[in-house]
>>> print(open('start.txt').read())   # compact mmCIF, C-alpha atoms and all ligand atoms
# COMPACT_ATOMS: atom_id res chain seq x y z
CA MET A 1 84.76 154.48 112.09
CA THR A 2 84.65 151.75 114.71
CA SER A 3 81.88 151.58 117.28
CA PRO A 4 82.87 152.27 120.88
CA LYS A 5 83.67 149.15 122.92
CA PRO A 6 82.69 148.60 126.55
CA SER A 7 85.60 149.34 128.88
CA ILE A 8 86.93 146.41 130.86
CA ARG A 9 86.12 148.22 134.11
CA ALA A 10 82.53 148.84 133.07
CA CYS A 11 82.15 145.19 132.13
CA ALA A 12 83.60 144.07 135.45
CA ILE A 13 81.16 146.25 137.36
CA ALA A 14 78.23 145.04 135.30
CA LEU A 15 79.27 141.44 135.94
CA ALA A 16 79.60 142.02 139.66
CA LEU A 17 76.16 143.57 139.71
CA GLY A 18 74.78 140.67 137.71
CA THR A 19 73.46 143.10 135.13
CA VAL A 20 75.55 141.95 132.25
CA SER A 21 74.14 139.78 129.50
CA ILE A 22 76.07 136.54 129.42
CA ALA A 23 76.24 136.78 125.65
CA MET A 24 78.45 139.87 125.85
CA ALA A 25 81.78 139.27 124.13
CA ALA A 26 83.84 141.59 126.23
CA GLN A 27 87.38 140.94 125.05
CA PRO A 28 88.72 143.68 122.80
CA GLU A 29 88.12 143.27 119.09
CA PRO A 30 91.06 141.46 117.49
CA ALA A 31 93.30 142.87 114.85
CA ALA A 32 92.30 141.18 111.59
CA GLN A 33 94.42 138.06 111.05
CA PRO A 34 93.89 137.10 107.43
CA ASN A 35 94.71 133.52 106.67
CA PRO A 36 97.35 133.01 103.99
CA LEU A 37 95.20 130.56 101.95
CA PRO A 38 91.78 131.11 100.40
CA ALA A 39 89.01 129.30 102.27
CA THR A 40 88.40 126.79 99.50
CA GLN A 41 91.90 125.36 99.88
CA HIS A 42 91.49 124.32 103.49
CA LYS A 43 90.88 120.72 104.40
CA TRP A 44 89.99 120.34 108.04
CA ALA A 45 92.38 118.53 110.36
CA ILE A 46 92.79 117.67 114.05
CA VAL A 47 95.58 116.50 116.33
CA LEU A 48 94.98 115.52 119.94
CA HIS A 49 96.88 114.15 122.90
CA GLY A 50 95.87 112.33 126.07
CA GLY A 51 99.05 112.89 128.08
CA ALA A 52 102.72 111.89 127.90
CA GLY A 53 104.97 109.94 130.25
CA VAL A 54 106.52 106.55 130.91
CA ILE A 55 103.93 104.78 128.80
CA GLU A 56 105.41 101.45 127.70
CA ARG A 57 103.99 98.19 126.37
CA SER A 58 105.39 96.34 129.37
CA SER A 59 103.36 98.49 131.75
CA MET A 60 100.02 98.47 129.92
CA THR A 61 97.58 95.59 129.95
CA PRO A 62 95.99 94.85 126.54
CA GLU A 63 92.67 96.02 128.04
CA ALA A 64 94.09 99.36 129.18
CA ASP A 65 95.77 99.85 125.81
CA ALA A 66 92.51 99.16 123.97
CA GLN A 67 90.50 101.44 126.27
CA TYR A 68 92.86 104.37 125.77
CA ARG A 69 92.85 103.93 122.00
CA ALA A 70 89.05 103.76 121.98
CA GLY A 71 88.86 106.97 124.03
CA LEU A 72 91.21 108.79 121.66
CA LYS A 73 89.29 107.53 118.64
CA GLU A 74 85.94 108.57 120.06
CA ALA A 75 87.20 112.10 120.77
CA ILE A 76 88.91 112.64 117.42
CA SER A 77 85.92 111.27 115.53
CA ALA A 78 83.60 113.66 117.39
CA ALA A 79 85.83 116.61 116.53
CA GLY A 80 85.98 115.41 112.92
CA ALA A 81 82.20 115.28 112.75
CA VAL A 82 82.01 118.92 113.92
CA LEU A 83 84.51 120.06 111.28
CA ASP A 84 82.98 117.96 108.53
CA LYS A 85 79.69 119.78 109.02
CA GLY A 86 81.53 123.07 108.56
CA GLY A 87 81.87 123.73 112.30
CA SER A 88 84.64 125.94 113.68
CA ALA A 89 88.01 124.79 114.97
CA LEU A 90 86.97 126.19 118.34
CA ASP A 91 83.82 124.05 118.43
CA ALA A 92 85.79 120.96 117.42
CA VAL A 93 88.39 121.54 120.16
CA GLU A 94 85.71 122.00 122.81
CA ALA A 95 83.70 118.96 121.66
CA ALA A 96 86.69 116.61 121.74
CA ILE A 97 87.98 117.87 125.07
CA ARG A 98 84.55 117.55 126.70
CA LEU A 99 84.51 113.85 125.76
CA LEU A 100 88.00 113.34 127.14
CA GLU A 101 87.05 115.18 130.33
CA ASP A 102 84.01 112.89 130.69
CA ASN A 103 86.16 109.79 130.12
CA PRO A 104 87.52 108.63 133.52
CA LEU A 105 90.71 107.26 131.93
CA PHE A 106 92.14 110.71 131.33
CA ASN A 107 93.55 113.19 133.82
CA ALA A 108 90.96 115.88 133.10
CA GLY A 109 87.44 116.42 134.41
CA ARG A 110 86.12 113.11 135.73
CA GLY A 111 89.13 110.88 136.47
CA ALA A 112 91.51 113.75 137.24
CA VAL A 113 94.39 113.13 139.63
CA PHE A 114 94.05 114.19 143.25
CA ALA A 115 95.90 116.98 145.00
CA ALA A 116 97.62 116.04 148.29
CA ASP A 117 94.61 117.28 150.28
CA GLY A 118 92.33 114.78 148.50
CA THR A 119 90.56 117.30 146.24
CA ASN A 120 90.44 117.41 142.44
CA GLN A 121 91.70 120.80 141.24
CA LEU A 122 91.09 121.28 137.54
CA ASP A 123 92.81 123.58 135.02
CA ALA A 124 91.89 124.34 131.39
CA ALA A 125 92.48 126.84 128.60
CA ILE A 126 91.21 127.49 125.10
CA MET A 127 92.46 129.89 122.42
CA ASP A 128 90.98 130.98 119.10
CA GLY A 129 93.66 131.52 116.45
CA ALA A 130 91.39 133.68 114.30
CA THR A 131 90.92 136.35 116.96
CA MET A 132 93.62 135.50 119.50
CA HIS A 133 90.92 135.59 122.14
CA ALA A 134 91.64 133.21 125.00
CA GLY A 135 90.02 131.90 128.16
CA ALA A 136 91.53 129.93 131.04
CA VAL A 137 90.66 128.58 134.47
CA ALA A 138 92.71 127.07 137.29
CA ASP A 139 91.87 125.22 140.50
CA VAL A 140 88.24 124.72 139.51
CA GLN A 141 86.55 122.16 141.78
CA HIS A 142 82.90 121.92 140.75
CA THR A 143 82.56 122.62 137.04
CA ARG A 144 81.81 119.41 135.17
CA ASN A 145 83.60 120.51 131.98
CA PRO A 146 86.43 122.97 132.69
CA ILE A 147 87.09 123.47 128.94
CA SER A 148 83.58 124.89 128.52
CA LEU A 149 84.23 127.19 131.45
CA ALA A 150 87.47 128.36 129.81
CA ARG A 151 85.45 129.11 126.69
CA ALA A 152 82.85 130.98 128.73
CA VAL A 153 85.61 133.08 130.31
CA MET A 154 86.77 133.93 126.78
CA GLU A 155 83.35 134.71 125.38
CA LYS A 156 81.31 135.98 128.32
CA SER A 157 83.72 137.80 130.62
CA PRO A 158 86.11 140.69 130.12
CA TYR A 159 88.98 138.53 131.38
CA VAL A 160 91.35 135.83 130.17
CA MET A 161 91.85 133.83 133.38
CA LEU A 162 89.78 133.03 136.47
CA ILE A 163 90.81 130.82 139.40
CA GLY A 164 89.40 128.86 142.31
CA SER A 165 86.00 129.48 143.86
CA GLY A 166 85.57 132.65 141.80
CA ALA A 167 85.90 130.63 138.60
CA ASP A 168 83.31 128.11 139.83
CA ALA A 169 81.00 130.98 140.82
CA PHE A 170 81.27 132.46 137.32
CA SER A 171 80.63 128.98 135.93
CA ALA A 172 77.38 128.67 137.89
CA HIS A 173 76.50 132.26 136.93
CA VAL A 174 76.68 131.44 133.21
CA GLY A 175 74.70 128.22 133.76
CA LEU A 176 77.35 125.54 133.28
CA PRO A 177 76.66 122.20 135.05
CA GLN A 178 78.13 122.01 138.56
CA GLU A 179 79.10 118.78 140.34
CA PRO A 180 80.08 117.69 143.84
CA GLN A 181 83.74 116.73 144.16
CA SER A 182 82.74 113.04 144.27
CA TYR A 183 81.75 113.29 140.58
CA PHE A 184 85.45 113.54 139.66
CA PHE A 185 86.48 110.61 141.93
CA THR A 186 87.98 107.42 140.49
CA GLU A 187 89.32 104.57 142.59
CA ARG A 188 92.41 104.22 140.40
CA ARG A 189 93.49 107.82 140.96
CA TRP A 190 92.68 107.61 144.68
CA GLN A 191 94.83 104.49 145.18
CA SER A 192 97.60 106.11 143.21
CA LEU A 193 97.45 109.21 145.44
CA LEU A 194 97.59 107.13 148.64
CA LYS A 195 100.63 105.30 147.33
CA GLN A 196 102.47 108.50 146.47
CA LEU A 197 101.60 110.22 149.75
CA GLY A 198 102.80 107.13 151.62
CA LYS A 199 106.12 107.21 149.77
CA GLU A 200 106.57 110.91 150.40
CA GLY A 201 105.57 110.63 154.05
CA LEU A 202 102.73 113.12 153.59
CA PRO A 203 99.50 112.93 155.63
CA ILE A 204 96.67 110.84 154.14
CA PRO A 205 93.46 112.87 153.68
CA PRO A 206 90.07 111.30 154.43
CA ARG A 207 88.37 109.43 151.58
CA PRO A 208 86.29 112.10 149.78
CA GLN A 209 82.67 112.48 150.83
CA GLY A 210 80.28 110.76 148.45
CA ALA A 211 82.99 108.48 146.98
CA PRO A 212 81.95 104.84 146.52
CA PRO A 213 83.08 102.45 149.28
CA ALA A 214 86.67 101.23 148.95
CA PRO A 215 86.91 97.95 146.98
CA ALA A 216 87.86 94.77 148.83
CA GLU A 217 90.26 93.65 146.06
CA PRO A 218 93.21 95.69 144.75
CA LEU A 219 92.63 97.24 141.33
CA ALA A 220 93.94 95.41 138.28
CA PHE A 221 95.03 98.01 135.78
CA PHE A 222 98.49 99.26 135.15
CA GLU A 223 101.02 100.81 137.40
CA THR A 224 104.21 102.62 136.51
CA PRO A 225 106.61 104.79 138.45
CA ASP A 226 105.11 108.02 137.17
CA ASN A 227 101.54 107.19 136.30
CA HIS A 228 100.49 110.50 137.80
CA LYS A 229 101.81 112.08 134.62
CA PHE A 230 99.30 110.34 132.40
CA GLY A 231 96.25 111.79 130.93
CA THR A 232 96.22 115.57 130.47
CA VAL A 233 94.23 116.15 127.30
CA GLY A 234 94.69 118.64 124.49
CA VAL A 235 93.32 119.26 121.02
CA VAL A 236 94.32 121.50 118.11
CA ALA A 237 92.15 121.87 115.01
CA LEU A 238 92.01 123.54 111.60
CA ASP A 239 88.61 124.23 110.08
CA ARG A 240 87.55 124.70 106.47
CA ASN A 241 87.74 128.47 106.84
CA GLY A 242 91.43 128.14 107.60
CA ASN A 243 91.09 129.05 111.26
CA ILE A 244 92.96 127.18 113.97
CA ALA A 245 92.31 126.75 117.71
CA ALA A 246 93.88 125.00 120.70
CA GLY A 247 92.60 123.72 124.04
CA THR A 248 94.05 121.84 127.02
CA SER A 249 92.44 120.39 130.16
CA THR A 250 94.05 118.68 133.16
CA GLY A 251 93.94 117.77 136.81
CA GLY A 252 97.62 118.80 136.92
CA VAL A 253 100.18 116.68 138.73
CA GLN A 254 99.22 114.19 141.40
CA ALA A 255 99.70 115.12 145.08
CA LYS A 256 100.21 118.77 144.18
CA GLN A 257 100.16 121.18 147.11
CA TRP A 258 99.44 124.81 147.86
CA SER A 259 97.17 125.41 144.85
CA ARG A 260 99.97 124.60 142.41
CA VAL A 261 99.08 125.43 138.79
CA GLY A 262 100.95 124.00 135.80
CA ASP A 263 101.39 125.07 132.20
CA SER A 264 98.10 123.79 130.78
CA PRO A 265 95.94 126.86 131.55
CA LEU A 266 98.75 129.36 130.93
CA ILE A 267 98.44 130.95 127.52
CA GLY A 268 101.76 130.66 125.71
CA ALA A 269 103.07 127.86 127.96
CA GLY A 270 100.69 124.88 127.59
CA THR A 271 98.16 126.35 125.17
CA TYR A 272 98.45 128.83 122.29
CA ALA A 273 96.81 129.59 118.94
CA SER A 274 97.28 132.30 116.31
CA ASN A 275 96.36 132.13 112.64
CA GLN A 276 99.68 133.92 112.01
CA SER A 277 101.69 130.90 113.14
CA CYS A 278 100.28 127.79 114.78
CA ALA A 279 98.18 126.20 117.51
CA VAL A 280 99.80 124.08 120.23
CA SER A 281 98.70 122.05 123.24
CA ALA A 282 101.33 120.64 125.58
CA THR A 283 101.58 117.89 128.19
CA GLY A 284 104.35 117.07 130.63
CA THR A 285 105.90 118.44 133.79
CA GLY A 286 104.38 121.88 133.66
CA GLU A 287 107.09 123.79 135.51
CA TYR A 288 109.51 123.33 132.58
CA PHE A 289 106.88 124.20 129.98
CA ILE A 290 106.14 127.42 131.83
CA ARG A 291 109.80 128.43 131.98
CA LEU A 292 110.25 127.92 128.23
CA THR A 293 106.78 129.21 127.27
CA VAL A 294 106.79 126.13 125.07
CA ALA A 295 103.62 126.66 123.02
CA ARG A 296 104.38 130.25 122.06
CA THR A 297 108.07 129.50 121.44
CA ILE A 298 107.18 126.82 118.89
CA CYS A 299 104.81 129.20 117.12
CA ALA A 300 107.39 132.00 117.19
CA LEU A 301 109.94 129.73 115.50
CA VAL A 302 107.36 129.06 112.77
CA GLN A 303 106.37 132.71 112.42
CA TYR A 304 109.69 134.52 112.72
CA LYS A 305 112.29 131.91 111.75
CA GLY A 306 110.26 130.33 108.94
CA MET A 307 110.74 126.84 110.38
CA SER A 308 108.42 124.00 109.44
CA LEU A 309 106.02 123.08 112.23
CA GLN A 310 107.70 119.72 112.86
CA ALA A 311 111.18 121.28 112.97
CA ALA A 312 110.00 123.96 115.40
CA ALA A 313 108.27 121.39 117.62
CA ASP A 314 111.35 119.15 117.65
CA GLU A 315 113.68 122.06 118.38
CA VAL A 316 111.76 122.88 121.55
CA VAL A 317 110.70 119.39 122.69
CA GLN A 318 113.82 117.40 121.72
CA HIS A 319 116.49 120.04 122.45
CA GLN A 320 115.40 123.04 124.53
CA LEU A 321 113.24 121.11 127.03
CA PRO A 322 115.74 118.29 127.72
CA ALA A 323 118.43 120.94 128.24
CA ILE A 324 116.53 122.05 131.35
CA HIS A 325 115.41 118.45 132.20
CA GLY A 326 111.82 119.00 131.04
CA ASP A 327 109.84 115.93 130.01
CA GLY A 328 106.67 115.73 127.96
CA GLY A 329 105.34 116.49 124.52
CA ILE A 330 103.16 118.65 122.32
CA ILE A 331 100.71 118.49 119.44
CA ALA A 332 100.46 121.30 116.88
CA ILE A 333 98.79 122.48 113.67
CA THR A 334 99.16 125.38 111.22
CA PRO A 335 96.57 127.16 109.07
CA ASP A 336 98.25 125.73 105.94
CA GLY A 337 97.60 122.19 107.16
CA GLN A 338 100.89 121.10 108.73
CA LEU A 339 100.31 118.67 111.61
CA ALA A 340 102.93 117.73 114.17
CA TRP A 341 103.56 115.96 117.40
CA SER A 342 106.79 115.64 119.31
CA PHE A 343 107.52 114.08 122.71
CA ASN A 344 110.67 113.22 124.66
CA THR A 345 109.02 110.61 126.91
CA PRO A 346 108.66 106.86 126.19
CA GLY A 347 105.07 107.42 125.09
CA MET A 348 102.29 109.91 124.48
CA PHE A 349 98.62 109.11 123.88
CA ARG A 350 97.93 110.83 120.56
CA ALA A 351 95.78 110.90 117.44
CA LYS A 352 95.61 112.71 114.08
CA LEU A 353 92.80 112.98 111.56
CA GLN A 354 92.56 114.87 108.28
CA GLU A 355 89.55 115.42 106.06
CA GLY A 356 88.95 112.32 103.94
CA GLY A 357 91.34 110.18 106.02
CA GLN A 358 91.23 107.69 108.86
CA PRO A 359 92.28 108.40 112.47
CA GLN A 360 95.94 107.64 113.12
CA ILE A 361 96.34 106.67 116.76
CA GLY A 362 99.58 106.17 118.68
CA VAL A 363 100.62 105.42 122.23
CA TYR A 364 104.26 104.21 122.29
CA ARG A 365 107.38 105.87 120.88
CA ASP A 366 107.91 103.31 118.10
CA GLU A 367 104.52 103.95 116.48
CA PRO A 368 104.42 106.29 113.45
N1 LIG A 401 101.25 119.71 132.14
C1 LIG A 401 100.39 119.31 133.21
C2 LIG A 401 100.73 120.13 134.43
O1 LIG A 401 101.89 120.33 134.68
C3 LIG A 401 100.46 117.87 133.56
C4 LIG A 401 100.55 116.91 132.38
O2 LIG A 401 100.45 117.31 131.25
O3 LIG A 401 100.72 115.70 132.63
O4 LIG A 401 99.83 120.48 135.16
>>> encode(input="start.txt", output="structure tokens")
Amino acid sequence: MTSPKPSIRACAIALALGTVSIAMAAQPEPAAQPNPLPATQHKWAIVLHGGAGVIERSSMTPEADAQYRAGLKEAISAAGAVLDKGGSALDAVEAAIRLLEDNPLFNAGRGAVFAADGTNQLDAAIMDGATMHAGAVADVQHTRNPISLARAVMEKSPYVMLIGSGADAFSAHVGLPQEPQSYFFTERRWQSLLKQLGKEGLPIPPRPQGAPPAPAEPLAFFETPDNHKFGTVGVVALDRNGNIAAGTSTGGVQAKQWSRVGDSPLIGAGTYASNQSCAVSATGTGEYFIRLTVARTICALVQYKGMSLQAAADEVVQHQLPAIHGDGGIIAITPDGQLAWSFNTPGMFRAKLQEGGQPQIGVYRDEP
């Protein structure tokens, strides 16, 4: 006999009244998802991305190139350390994404792109392949680490997705660090926004309150036609118990309007994990990834068509997406240790690491 579970409505009321313990795991109990391999056969592994787009050697200074690689290495090493100690795939995903969110180079957390109104509007999702529990947030503006908020939604609320000021209120309620908008500000992203708004003839919002004074000299970094597409972050991991997880965090697309939300926080589009198939995190122009439910489609090809992970990823990213003019890429992992990435852009910031190995880091298309 199973014990009775709290109804979703009862949980919602308790939350609203502030009477609920934040440790309550309110999502329904999962159906058991046994992993095909015994635990002893699993070597941990991680794949991560830091965004896809027109990333070419000609448009990157050696300094920028080195900084991105260092950021990817730091994040994948941190996730590896979690897994090496026997930590869960979920913990590894959260740990790596928090570092990438804290790193101002990436379009997630601090350093996120700006919306047209001059705010940073952050989206994130996380999914646990062992239970198929998931948590997601969109248009968060004050939570320092949106991926931790997504995890809190999964573990401490009866819901899968929260948005806007309600999501930030829940974040404060469960005790996650809150920040003023100026915490997320970077000069590089601000200049990039002003340039795009100018080109599109859109009104220029005031410089955000609390931002440092504008520099006298123009910034020396790198500039490409679509640099607003750089830097969404995502991680997939396999732990020694054979469980997989996926997470994605982003500021979305630059100069977005009207509370636009992309694929990253949408389960099945930009983020998905199930021990029955695979875990995927995507990056690219979200509208196309939403229409093709890219992450779930790749996993369905693995689960129902028996395709290898790489073949499934390539089918969607190299054929189905381009057929509707979608650009971007994905990273993926399976419980039996297949790792994959696939992108149809000139570059994607990416890294892989398997137990006992060294991080393999890539930026441009011609790298292995
Ligand atoms: N997929 C993200 C979005 O559409 C952006 C990106 O990955 O570059 O919001």
>>> residues_around(input="start.txt", residues="Ala70 of chain A", least_positions_apart="3", cutoff="12 Å", atoms="all atoms listed in the file", output="MDAnalysis selection string")
chainID A and resid 50 63:67 73:77 99:100 103 105 349:351 359:363
>>> axis_aligned_box(input="start.txt", around="ligand LIG 401 (chain A)", padding_each_side="8 Å", output="AutoDock Vina command-line options")
--center_x 100.9 --center_y 118.1 --center_z 133.2 --size_x 18.1 --size_y 20.8 --size_z 19.9
>>> residues_near_ligand(input="start.txt", ligand="ligand LIG 401 (chain A)", cutoff="7 Å", atoms="all atoms listed in the file", output="count of residues only")
21
>>> atom_distance(input="start.txt", atom1="atom CA of Trp341 of chain A", atom2="atom CA of Asn243 of chain A")
19.1 Å
>>> residues_near_point(input="start.txt", point="(89.0, 123.3, 136.7)", cutoff="10 Å", atoms="only C-alpha atoms", output="number ranges by chain")
A: 108-109, 112, 120-125, 136-150, 162-165, 167-168, 249-252, 265
>>> atom_distance(input="start.txt", atom1="atom CA of Pro212 of chain A", atom2="atom CA of Glu187 of chain A")
8.4 Å
>>> closest_residue(input="start.txt", among="A:Ser182, A:Ser157, A:Asn275, A:Thr119", to="Pro213 of chain A", atoms="all atoms listed in the file")
A:Ser182
>>> closest_residue(input="start.txt", among="A:Arg110, A:Arg260, A:Lys43, A:Arg57", to="Arg365 of chain A", atoms="all atoms listed in the file")
A:Arg57
>>> closest_residue(input="start.txt", among="A:Ala96, A:Leu193, A:Val233, A:Ile298", to="Lys256 of chain A", atoms="all atoms listed in the file")
A:Leu193
